[in-house]
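Student: Contents of work_20.txt (compact mmCIF, C-alpha atoms):
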# COMPACT_ATOMS: atom_id res chain seq x y z
CA MET D 1 -85.21 94.50 32.59
CA ASP D 2 -85.80 91.42 34.75
CA SER D 3 -88.62 93.27 36.51
CA ILE D 4 -90.24 93.93 33.12
CA ARG D 5 -89.98 90.26 32.19
CA LYS D 6 -91.55 89.26 35.49
CA ASN D 7 -94.34 91.80 35.32
CA LEU D 8 -95.11 91.09 31.67
CA ARG D 9 -96.10 87.52 32.53
CA LYS D 10 -98.60 88.89 35.03
CA LEU D 11 -100.31 91.23 32.60
CA PRO D 12 -103.67 90.35 31.03
CA PRO D 13 -103.61 89.73 27.27
CA GLY D 14 -105.02 93.15 26.42
CA ALA D 15 -102.16 94.84 28.23
CA VAL D 16 -99.61 92.54 26.59
CA ILE D 17 -100.97 93.65 23.20
CA LYS D 18 -100.39 97.29 24.17
CA VAL D 19 -96.82 96.53 25.21
CA LEU D 20 -96.11 94.67 21.96
CA ARG D 21 -97.59 97.47 19.89
CA LYS D 22 -95.32 99.94 21.66
CA VAL D 23 -92.20 97.80 21.23
CA PHE D 24 -92.83 97.11 17.54
CA ALA D 25 -93.15 100.84 16.88
CA TYR D 26 -89.69 101.65 18.24
CA PRO D 27 -86.72 102.00 15.87
CA ALA D 28 -85.15 98.58 15.18
CA PRO D 29 -82.11 98.79 17.52
CA ALA D 30 -84.20 99.87 20.50
CA ALA D 31 -87.03 97.42 19.78
CA ARG D 32 -84.52 94.61 19.29
CA MET D 33 -82.80 95.33 22.60
CA ILE D 34 -86.07 95.17 24.52
CA LEU D 35 -87.63 92.20 22.71
CA ASN D 36 -84.46 90.11 22.86
CA ASP D 37 -84.28 90.63 26.59
CA LEU D 38 -87.96 89.95 27.16
CA THR D 39 -87.79 86.69 25.18
CA ARG D 40 -84.33 85.44 26.15
CA PRO D 41 -84.37 81.78 27.25
CA ARG D 42 -84.89 81.11 30.93
CA LYS D 43 -82.88 78.61 32.95
CA SER D 44 -85.45 75.87 32.36
CA HIS D 45 -85.06 76.32 28.60
CA LYS D 46 -81.27 75.92 28.46
CA PRO D 47 -81.17 72.07 28.31
CA TRP D 48 -83.38 72.24 25.19
CA ILE D 49 -81.05 74.50 23.19
CA HIS D 50 -77.96 73.52 21.20
CA LYS D 51 -76.55 76.69 19.68
CA VAL D 52 -75.04 76.66 16.19
CA PRO D 53 -72.75 79.59 15.32
CA TRP D 54 -72.48 80.78 11.73
CA ASN D 55 -70.76 78.01 9.73
CA GLN D 56 -71.03 79.48 6.20
CA SER D 57 -74.40 77.73 5.82
CA TRP D 58 -76.60 78.74 8.74
CA SER D 59 -76.75 79.87 12.33
CA GLY D 60 -79.35 79.43 15.03
CA CYS D 61 -79.94 76.41 17.21
CA TRP D 62 -81.24 72.89 17.43
CA ILE D 63 -84.09 72.54 19.90
CA GLY D 64 -84.90 69.21 21.46
CA GLU D 65 -84.99 67.40 24.77
CA GLN D 66 -81.58 67.43 26.52
CA VAL D 67 -79.62 68.54 23.44
CA SER D 68 -77.57 71.35 24.97
CA SER D 69 -74.50 69.26 25.81
CA LEU D 70 -74.50 66.87 22.83
CA ASP D 71 -71.33 66.66 20.78
CA GLU D 72 -71.48 66.80 16.98
CA ILE D 73 -71.77 63.04 16.53
CA ALA D 74 -74.48 62.64 19.17
CA LEU D 75 -76.41 65.61 17.77
CA GLN D 76 -76.31 64.16 14.26
CA ARG D 77 -77.56 60.85 15.65
CA ARG D 78 -80.52 62.59 17.28
CA ILE D 79 -81.32 64.35 14.00
CA ASP D 80 -81.09 61.09 12.05
CA GLN D 81 -83.29 59.26 14.54
CA ALA D 82 -85.95 61.98 14.74
CA ASP D 83 -89.35 61.02 13.37
CA ILE D 84 -90.02 64.65 12.44
CA VAL D 85 -87.71 67.60 11.91
CA LEU D 86 -89.30 71.04 12.25
CA PHE D 87 -87.55 73.70 10.14
CA ASN D 88 -88.47 76.88 12.00
CA VAL D 89 -88.17 80.52 10.89
CA HIS D 90 -89.09 83.11 13.54
CA GLY D 91 -91.11 86.27 13.01
CA GLY D 92 -90.51 89.86 14.04
CA GLY D 93 -91.34 92.02 11.04
CA PHE D 94 -87.99 91.21 9.34
CA ARG D 95 -86.39 93.55 11.92
CA LEU D 96 -86.59 91.71 15.25
CA GLY D 97 -86.47 88.28 16.82
CA THR D 98 -84.21 85.30 17.48
CA ALA D 99 -84.26 81.56 16.97
CA THR D 100 -85.21 81.04 20.63
CA MET D 101 -87.83 83.77 21.07
CA TYR D 102 -90.79 81.41 21.65
CA MET D 103 -89.17 78.66 23.71
CA ASP D 104 -92.30 77.79 25.72
CA THR D 105 -94.21 77.36 22.46
CA TYR D 106 -91.47 75.34 20.77
CA ILE D 107 -91.14 72.99 23.74
CA ARG D 108 -94.90 72.61 23.84
CA TRP D 109 -95.00 71.51 20.19
CA ILE D 110 -92.23 68.96 20.70
CA THR D 111 -93.64 67.48 23.90
CA PHE D 112 -97.19 67.44 22.53
CA LEU D 113 -96.13 65.33 19.54
CA LYS D 114 -94.28 63.01 21.90
CA LYS D 115 -97.26 62.58 24.21
CA LYS D 116 -99.93 62.23 21.54
CA PHE D 117 -98.13 60.09 18.96
CA ASN D 118 -94.90 59.02 20.70
CA LEU D 119 -92.87 60.85 18.05
CA ASN D 120 -89.32 62.06 18.53
CA VAL D 121 -89.03 65.61 17.21
CA MET D 122 -86.07 67.91 16.60
CA MET D 123 -86.36 71.56 15.60
CA MET D 124 -83.84 73.42 13.45
CA SER D 125 -84.55 77.05 14.35
CA ILE D 126 -82.94 79.65 12.08
CA ASP D 127 -81.37 83.00 12.84
CA TYR D 128 -81.23 85.28 9.81
CA ARG D 129 -79.86 88.73 9.11
CA LEU D 130 -82.23 91.47 10.18
CA ALA D 131 -83.32 94.78 8.68
CA PRO D 132 -82.50 97.61 8.44
CA GLU D 133 -78.84 96.57 8.56
CA HIS D 134 -79.57 93.77 6.07
CA LYS D 135 -82.38 94.51 3.66
CA TYR D 136 -84.13 92.25 1.18
CA PRO D 137 -83.05 89.73 -0.10
CA SER D 138 -80.43 88.93 2.59
CA PRO D 139 -82.85 87.24 5.04
CA VAL D 140 -84.33 85.14 2.22
CA GLU D 141 -80.86 84.02 1.20
CA ASP D 142 -80.13 82.93 4.79
CA VAL D 143 -83.30 80.83 4.96
CA VAL D 144 -82.57 79.21 1.58
CA LYS D 145 -79.02 78.33 2.66
CA ALA D 146 -80.26 76.85 5.92
CA TYR D 147 -82.84 74.63 4.21
CA GLU D 148 -80.27 73.57 1.64
CA HIS D 149 -77.89 72.63 4.47
CA LEU D 150 -80.62 70.59 6.16
CA VAL D 151 -81.52 68.44 3.14
CA ASN D 152 -78.14 68.31 1.36
CA ALA D 153 -75.35 68.60 3.94
CA LEU D 154 -77.14 66.92 6.85
CA ARG D 155 -78.96 64.55 4.47
CA VAL D 156 -82.27 64.84 6.28
CA ASP D 157 -85.04 63.24 4.27
CA PRO D 158 -87.39 66.08 3.24
CA ALA D 159 -90.26 63.61 3.67
CA LYS D 160 -89.84 64.01 7.43
CA VAL D 161 -89.44 67.80 7.40
CA VAL D 162 -92.23 70.23 8.29
CA THR D 163 -91.44 73.93 7.88
CA VAL D 164 -92.88 76.34 10.42
CA GLY D 165 -92.85 80.12 10.13
CA ASP D 166 -94.72 82.88 11.89
CA SER D 167 -95.44 86.38 10.58
CA ALA D 168 -92.30 87.52 8.71
CA GLY D 169 -90.87 84.02 9.21
CA ALA D 170 -93.85 82.56 7.34
CA SER D 171 -93.22 85.08 4.57
CA LEU D 172 -89.56 84.04 4.33
CA THR D 173 -90.54 80.37 4.29
CA LEU D 174 -93.05 80.95 1.50
CA GLU D 175 -90.41 82.78 -0.51
CA MET D 176 -87.84 80.04 0.11
CA LEU D 177 -90.29 77.45 -1.23
CA PHE D 178 -91.10 79.66 -4.20
CA LEU D 179 -87.47 80.35 -5.14
CA THR D 180 -86.20 76.78 -4.76
CA HIS D 181 -88.88 74.96 -6.73
CA ASP D 182 -87.46 76.26 -10.04
CA PRO D 183 -84.47 78.62 -9.58
CA SER D 184 -84.12 79.14 -13.34
CA MET D 185 -87.19 81.37 -13.19
CA PHE D 186 -85.52 83.96 -11.00
CA GLU D 187 -82.60 86.34 -11.01
CA ILE D 188 -81.26 86.73 -7.48
CA VAL D 189 -79.39 89.93 -6.69
CA THR D 190 -77.41 89.86 -3.43
CA ASP D 191 -75.62 92.48 -1.38
CA ASP D 192 -72.29 90.65 -1.87
CA PRO D 193 -70.51 91.87 -5.07
CA GLU D 194 -68.11 88.91 -5.11
CA GLU D 195 -70.94 86.40 -4.82
CA GLU D 196 -72.85 88.19 -7.54
CA ALA D 197 -69.84 87.91 -9.87
CA ASN D 198 -69.57 84.14 -9.43
CA GLU D 199 -70.89 81.98 -12.21
CA GLY D 200 -73.69 79.52 -11.63
CA PRO D 201 -77.03 79.79 -9.86
CA LEU D 202 -77.12 81.24 -6.37
CA VAL D 203 -80.20 79.17 -5.54
CA SER D 204 -80.43 75.42 -6.01
CA GLU D 205 -83.54 73.45 -6.80
CA LEU D 206 -84.51 71.77 -3.55
CA PRO D 207 -87.10 69.09 -2.74
CA ARG D 208 -90.38 70.04 -1.10
CA PRO D 209 -90.81 69.31 2.61
CA ALA D 210 -93.60 67.01 3.75
CA GLY D 211 -95.64 69.96 4.97
CA SER D 212 -95.59 73.65 5.79
CA ILE D 213 -97.21 75.55 8.65
CA PHE D 214 -97.75 79.28 8.26
CA VAL D 215 -98.75 81.37 11.28
CA SER D 216 -100.21 84.79 10.39
CA PRO D 217 -98.05 85.12 7.26
CA ILE D 218 -97.18 88.50 5.78
CA VAL D 219 -98.14 88.09 2.13
CA THR D 220 -98.58 91.68 0.94
CA ASP D 221 -97.46 95.20 1.76
CA GLU D 222 -100.94 96.59 1.15
CA THR D 223 -102.92 97.77 4.16
CA THR D 224 -106.30 98.48 2.61
CA SER D 225 -108.34 95.37 3.40
CA GLU D 226 -111.44 95.36 5.58
CA ALA D 227 -109.48 93.58 8.32
CA TRP D 228 -107.04 96.49 8.44
CA ARG D 229 -109.97 98.86 8.92
CA VAL D 230 -111.80 96.95 11.65
CA ASN D 231 -109.01 95.14 13.50
CA VAL D 232 -106.31 97.77 13.94
CA LYS D 233 -107.89 98.70 17.28
CA TYR D 234 -107.38 95.14 18.54
CA ASP D 235 -104.05 94.11 17.01
CA PHE D 236 -100.47 94.93 17.99
CA ILE D 237 -99.64 95.42 14.29
CA SER D 238 -100.49 99.01 13.33
CA GLN D 239 -100.30 101.09 10.17
CA ASN D 240 -97.14 102.64 11.58
CA THR D 241 -95.60 99.18 12.02
CA ALA D 242 -96.40 98.33 8.40
CA LYS D 243 -94.74 101.54 7.20
CA VAL D 244 -91.64 100.86 9.30
CA ILE D 245 -91.33 97.32 7.92
CA LYS D 246 -91.54 98.55 4.32
CA ARG D 247 -89.01 101.30 5.01
CA ASP D 248 -86.52 99.08 6.85
CA TYR D 249 -86.74 95.83 4.86
CA PHE D 250 -87.17 96.78 1.22
CA GLU D 251 -84.56 98.82 -0.64
CA LYS D 252 -85.70 101.83 -2.59
CA MET D 253 -84.66 102.12 -6.20
CA PRO D 254 -81.14 103.69 -6.32
CA ALA D 255 -82.04 106.00 -9.21
CA ASP D 256 -85.05 107.33 -7.35
CA PRO D 257 -84.74 107.41 -3.54
CA ASP D 258 -88.35 108.51 -3.31
CA GLY D 259 -89.53 105.93 -5.82
CA PRO D 260 -91.35 102.64 -5.34
CA ILE D 261 -90.08 100.11 -2.82
CA GLU D 262 -88.51 96.93 -4.22
CA GLN D 263 -90.92 94.02 -4.24
CA SER D 264 -90.04 90.60 -2.86
CA GLN D 265 -91.21 87.43 -4.55
CA VAL D 266 -93.59 86.67 -1.67
CA LEU D 267 -95.49 89.89 -2.26
CA GLY D 268 -95.95 88.67 -5.82
CA ILE D 269 -97.22 85.33 -4.54
CA ALA D 270 -100.25 87.12 -3.14
CA LYS D 271 -101.14 88.18 -6.66
CA LEU D 272 -100.89 84.67 -8.14
CA GLN D 273 -104.10 83.05 -9.30
CA THR D 274 -102.68 79.61 -10.04
CA GLY D 275 -99.47 77.58 -9.86
CA PHE D 276 -99.49 77.04 -6.11
CA GLN D 277 -99.13 73.27 -6.38
CA SER D 278 -95.80 73.68 -8.14
CA PHE D 279 -93.99 75.21 -5.17
CA LEU D 280 -96.02 74.32 -2.07
CA PRO D 281 -95.61 70.96 -0.27
CA PRO D 282 -98.32 68.27 -0.28
CA HIS D 283 -99.78 69.48 3.03
CA VAL D 284 -100.25 73.07 4.26
CA LEU D 285 -101.67 74.36 7.54
CA MET D 286 -102.26 78.03 8.39
CA TYR D 287 -103.20 79.73 11.65
CA VAL D 288 -104.74 83.20 11.51
CA GLY D 289 -106.54 85.47 13.97
CA ASN D 290 -110.02 86.81 13.35
CA LYS D 291 -108.95 90.01 15.15
CA GLU D 292 -105.68 90.57 13.26
CA VAL D 293 -105.12 93.09 10.51
CA LEU D 294 -103.61 90.48 8.14
CA ARG D 295 -106.67 88.22 8.29
CA ASP D 296 -108.19 89.00 4.90
CA ASP D 297 -104.91 88.81 3.00
CA CYS D 298 -104.11 85.44 4.59
CA LEU D 299 -107.54 84.04 3.83
CA ASP D 300 -107.40 85.29 0.23
CA LEU D 301 -104.12 83.42 -0.29
CA ALA D 302 -105.55 80.26 1.28
CA GLU D 303 -108.65 80.39 -0.91
CA LYS D 304 -106.64 80.70 -4.12
CA ALA D 305 -104.28 77.89 -3.11
CA GLU D 306 -107.21 75.61 -2.26
CA GLN D 307 -108.91 76.40 -5.57
CA ASP D 308 -105.64 75.44 -7.26
CA GLY D 309 -105.81 72.01 -5.63
CA VAL D 310 -103.47 72.51 -2.67
CA ASN D 311 -104.33 70.44 0.42
CA TRP D 312 -104.58 73.53 2.64
CA LYS D 313 -106.19 73.66 6.10
CA THR D 314 -106.87 76.98 7.85
CA VAL D 315 -107.48 77.49 11.57
CA VAL D 316 -109.15 80.79 12.51
CA GLU D 317 -109.63 81.79 16.13
CA ASP D 318 -110.94 85.00 17.67
CA CYS D 319 -107.43 86.26 18.42
CA VAL D 320 -104.86 88.80 17.25
CA HIS D 321 -101.73 88.46 15.10
CA ASP D 322 -99.41 85.49 15.68
CA TRP D 323 -101.49 84.10 18.53
CA PHE D 324 -100.32 80.51 17.97
CA CYS D 325 -96.74 81.51 18.84
CA VAL D 326 -97.27 84.57 21.07
CA ARG D 327 -99.44 82.74 23.56
CA GLU D 328 -99.49 85.57 26.08
CA VAL D 329 -102.17 87.28 23.95
CA VAL D 330 -104.61 84.36 24.37
CA LYS D 331 -106.76 84.12 27.49
CA ASP D 332 -108.79 81.03 26.68
CA LYS D 333 -106.27 78.21 26.85
CA THR D 334 -108.72 75.77 25.29
CA ILE D 335 -108.05 77.66 22.04
CA LEU D 336 -104.38 76.71 22.33
CA ASP D 337 -105.22 73.11 23.25
CA ARG D 338 -107.35 72.80 20.11
CA ALA D 339 -104.65 74.44 18.00
CA ASP D 340 -101.95 72.14 19.39
CA ASN D 341 -104.09 69.11 18.59
CA VAL D 342 -104.48 70.33 15.00
CA PHE D 343 -100.71 70.95 14.83
CA ALA D 344 -99.91 67.43 16.03
CA ASP D 345 -102.47 65.77 13.74
CA PHE D 346 -101.16 67.75 10.79
CA CYS D 347 -97.54 66.73 11.41
CA TYR D 348 -98.58 63.11 11.83
CA LYS D 349 -100.60 63.05 8.61
CA ALA D 350 -97.94 64.94 6.64
CA VAL D 351 -94.99 62.78 7.72
CA ILE D 352 -96.01 59.51 9.36
CA VAL D 353 -99.05 58.48 7.31
CA PRO D 354 -97.18 58.71 3.96
CA ARG D 355 -94.29 56.80 5.50
CA GLU D 356 -96.60 54.03 6.68
CA SER D 357 -98.35 54.08 3.31
CA ARG D 358 -95.05 53.44 1.61
CA LEU D 359 -94.62 50.46 3.91
CA SER D 360 -98.19 49.33 3.11
CA SER D 361 -99.10 49.41 6.77
CA ILE D 362 -101.24 52.47 7.36
CA ARG D 363 -102.73 52.45 10.81
CA LEU D 364 -103.88 55.67 12.46
CA PRO D 365 -103.60 55.61 16.26
CA GLU D 366 -106.91 55.41 18.07
CA GLY D 367 -107.90 56.52 21.50
CA LEU D 368 -104.94 58.83 21.96
CA GLU D 369 -105.80 62.06 23.65
CA ALA D 370 -103.70 65.15 24.14
CA VAL D 371 -102.37 65.62 27.65
CA PRO D 372 -102.76 69.30 28.49
CA GLU D 373 -99.73 70.82 30.13
CA GLY D 374 -100.20 73.23 32.97
CA ASP D 375 -98.19 76.43 32.77
CA GLU D 376 -97.98 78.12 36.11
CA GLU D 377 -96.16 81.06 34.56
CA GLU D 378 -99.26 82.02 32.56
CA SER D 379 -101.86 81.37 35.25
CA ASP D 380 -102.57 85.04 35.83
CA GLU D 381 -103.50 85.96 32.25
CA GLU D 382 -106.93 87.51 31.69
CA GLU D 383 -109.34 88.02 28.80
CA PHE D 384 -107.63 89.71 25.83
CA HIS D 385 -110.98 90.67 24.35
CA GLU D 386 -111.24 93.51 26.88
CA ALA D 387 -111.46 96.94 25.24
CA LEU D 388 -107.99 98.32 24.67
CA THR D 389 -109.20 101.80 25.57
CA THR D 390 -109.92 100.99 29.21
CA SER D 391 -107.84 102.53 31.99
CA GLU D 392 -104.41 100.95 32.42
CA SER D 393 -103.80 99.05 35.61
CA ASP D 394 -100.99 100.10 37.90
CA LEU D 395 -98.95 97.10 36.75
CA GLU D 396 -99.55 97.81 33.08
CA ALA D 397 -98.60 101.46 33.52
CA ALA D 398 -95.44 100.43 35.35
CA VAL D 399 -94.41 98.07 32.55
CA LEU D 400 -95.00 100.70 29.86
CA LYS D 401 -93.00 103.24 31.84
CA GLN D 402 -90.17 100.75 32.35
CA LEU D 403 -90.07 100.19 28.59
CA ASP D 404 -89.75 103.92 27.98
CA ASP D 405 -87.00 104.16 30.60
CA GLN D 406 -84.96 101.56 28.67
CA ILE D 407 -84.81 103.75 25.54
CA PRO D 408 -82.40 106.68 25.28
CA PRO D 409 -84.30 109.88 24.32
CA ASN D 410 -82.48 110.19 20.98
CA SER D 411 -83.56 106.66 20.01
CA ARG D 412 -87.25 107.50 20.00
CA GLN D 413 -89.10 108.61 16.90
CA SER D 414 -90.41 112.13 17.33
CA THR D 415 -93.47 111.35 15.18
CA LEU D 416 -94.26 107.96 16.73
CA THR D 417 -97.96 107.15 16.89
CA VAL D 418 -99.05 104.39 19.25
CA TYR D 419 -102.68 103.23 19.15
CA VAL D 420 -103.79 102.33 22.66
Show me, as structure tokens, the structure contained in the file I just sent.
Tutor:
Amino acid sequence: MDSIRKNLRKLPPGAVIKVLRKVFAYPAPAARMILNDLTRPRKSHKPWIHKVPWNQSWSGCWIGEQVSSLDEIALQRRIDQADIVLFNVHGGGFRLGTATMYMDTYIRWITFLKKKFNLNVMMMSIDYRLAPEHKYPSPVEDVVKAYEHLVNALRVDPAKVVTVGDSAGASLTLEMLFLTHDPSMFEIVTDDPEEEANEGPLVSELPRPAGSIFVSPIVTDETTSEAWRVNVKYDFISQNTAKVIKRDYFEKMPADPDGPIEQSQVLGIAKLQTGFQSFLPPHVLMYVGNKEVLRDDCLDLAEKAEQDGVNWKTVVEDCVHDWFCVREVVKDKTILDRADNVFADFCYKAVIVPRESRLSSIRLPEGLEAVPEGDEEESDEEEFHEALTTSESDLEAAVLKQLDDQIPPNSRQSTLTVYV
């Protein structure tokens, strides 16, 4: 698998998209095995990671500069002293992923905020139970518990918290915000009979964070938009992937195994016409790709939220799904530089400006420029806009074959369709 990891970083973006499309189409156990290995932290990442095992509230890790060896007291001090705390929920179609799957991206965000605004940043990155072993609403419950632990147990001021979620992680974050703004509106059914029998609400009303960042959020299970028609040839999310997610994540009605799939609250959010200000934070930023299949659904949600008075900013680049986190699919690094600048400015305006306003001393920094970071590991990437139907290079073919070799024959789907 190490050879796959090494070769993957040499592939052009178009080939990376093919590899991702193939991995996402595998059954969950096989896809998870490959993706976890491909994205496992490298040696240079280890000092940035402080793992947190399940403690009845959350599991995952704290990510920050030189946090790996901190004891509990020192870690809490770093959290207390942080100017901004990023509450991060990873993507992966509700079936895949870990709290450390985008370490290069996470470190980039933290160091960029430090360089541009001299801000100390800590990230609480959440692991949650994955489908199909744990279907809806188990992952939502995990994200709610983690956020509750952050603001109640750790006593982190929500005014310095910015939530970040990509793809399915953005969906879970949206649902967490929706459920916790007024828990009396909802009946939560869990997969734990004892918990269900307990009296009292399973979800507590929680304060809004200072801001939320959604990267290519999944907001509907429908696949009929124009973007689905025109972008499926570019994206690594396919119709087959959408079907697998619905099958693995949402329970079918017990009385009718062939009946409609259970709907999550976030899928209902997409149908809202008003009321967005009640559950969203004061500042919202969304990244979406012009070449991704979810584009139209994301933009529809943003338009309705803006019309409802939400301070919502959308960044659209000519890229595929989740490009702001999965940076291997982006050739033009100036796109990422622009996006990182927007990210940093958003966090500053969401957290620092209101804080300075409360102190009656607003003063925006002037003359500060982002310092681009070189990344020698990505220096060989090429244009992802190349046609995905061109002949595979020898390296690309080798990587795809290595992926197949990792999967036992009985783990493959006999009816698998991969668009390449």
Student: Compare D:Trp54, D:Leu11, D:Val156, D:Lys115 by their minimum atom-to-atom distance to Ala398 of chain D, counting all atoms listed in the file, and give me the closest one.
Tutor: D:Leu11
Student: Find the residues near Asp300 of chain D: any atom within 12 Å, counting all atoms listed in the file, skip ones fewer than 3 places away on the same chain, and give them as a list in words.
Tutor: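 So the residues in contact are Pro217, Val219, Thr220, Ser225, Ala227, Ile269, Ala270, Lys271, Leu272, Gln273, Val288, Leu294, Arg295, Asp296, Asp297, Glu303, Lys304, Ala305, Glu306, Gln307 and Thr314 of chain D.
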Student: Nearest to Val161 of chain D: which of D:Asp248, D:Glu65, D:Asp37, D:Asp83 is it, counting only C-alpha atoms?
Tutor: D:Asp83
Student: How far is it from atom CA of His283 of chain D to atom CA of Val342 of chain D, in Å with one decimal?
Tutor: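 Pair atom CA of His283 of chain D / atom CA of Val342 of chain D returns 12.9 Å.
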Student: List as a PyMOL selection string the protein and nucleic acid residues near segment 274-282 of chain D, meaning an atom at most 8 Å away when all atoms listed in the file are counted, but skip any in the same chain fewer than 2 places from it.
Tutor: chain D and resi 177-178+180-181+208-212+272+284+304-305+308-311+350
Student: To one decimal place in Å, what is the distance between atom CA of Thr241 of chain D and atom CA of Arg21 of chain D?
Tutor: 8.3 Å
Student: Between atom CA of Asp166 of chain D and atom CA of Pro183 of chain D, measure the distance and give it in Å to one decimal.
Tutor: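 Between atom CA of Asp166 of chain D and atom CA of Pro183 of chain D the gap works out to 24.2 Å.
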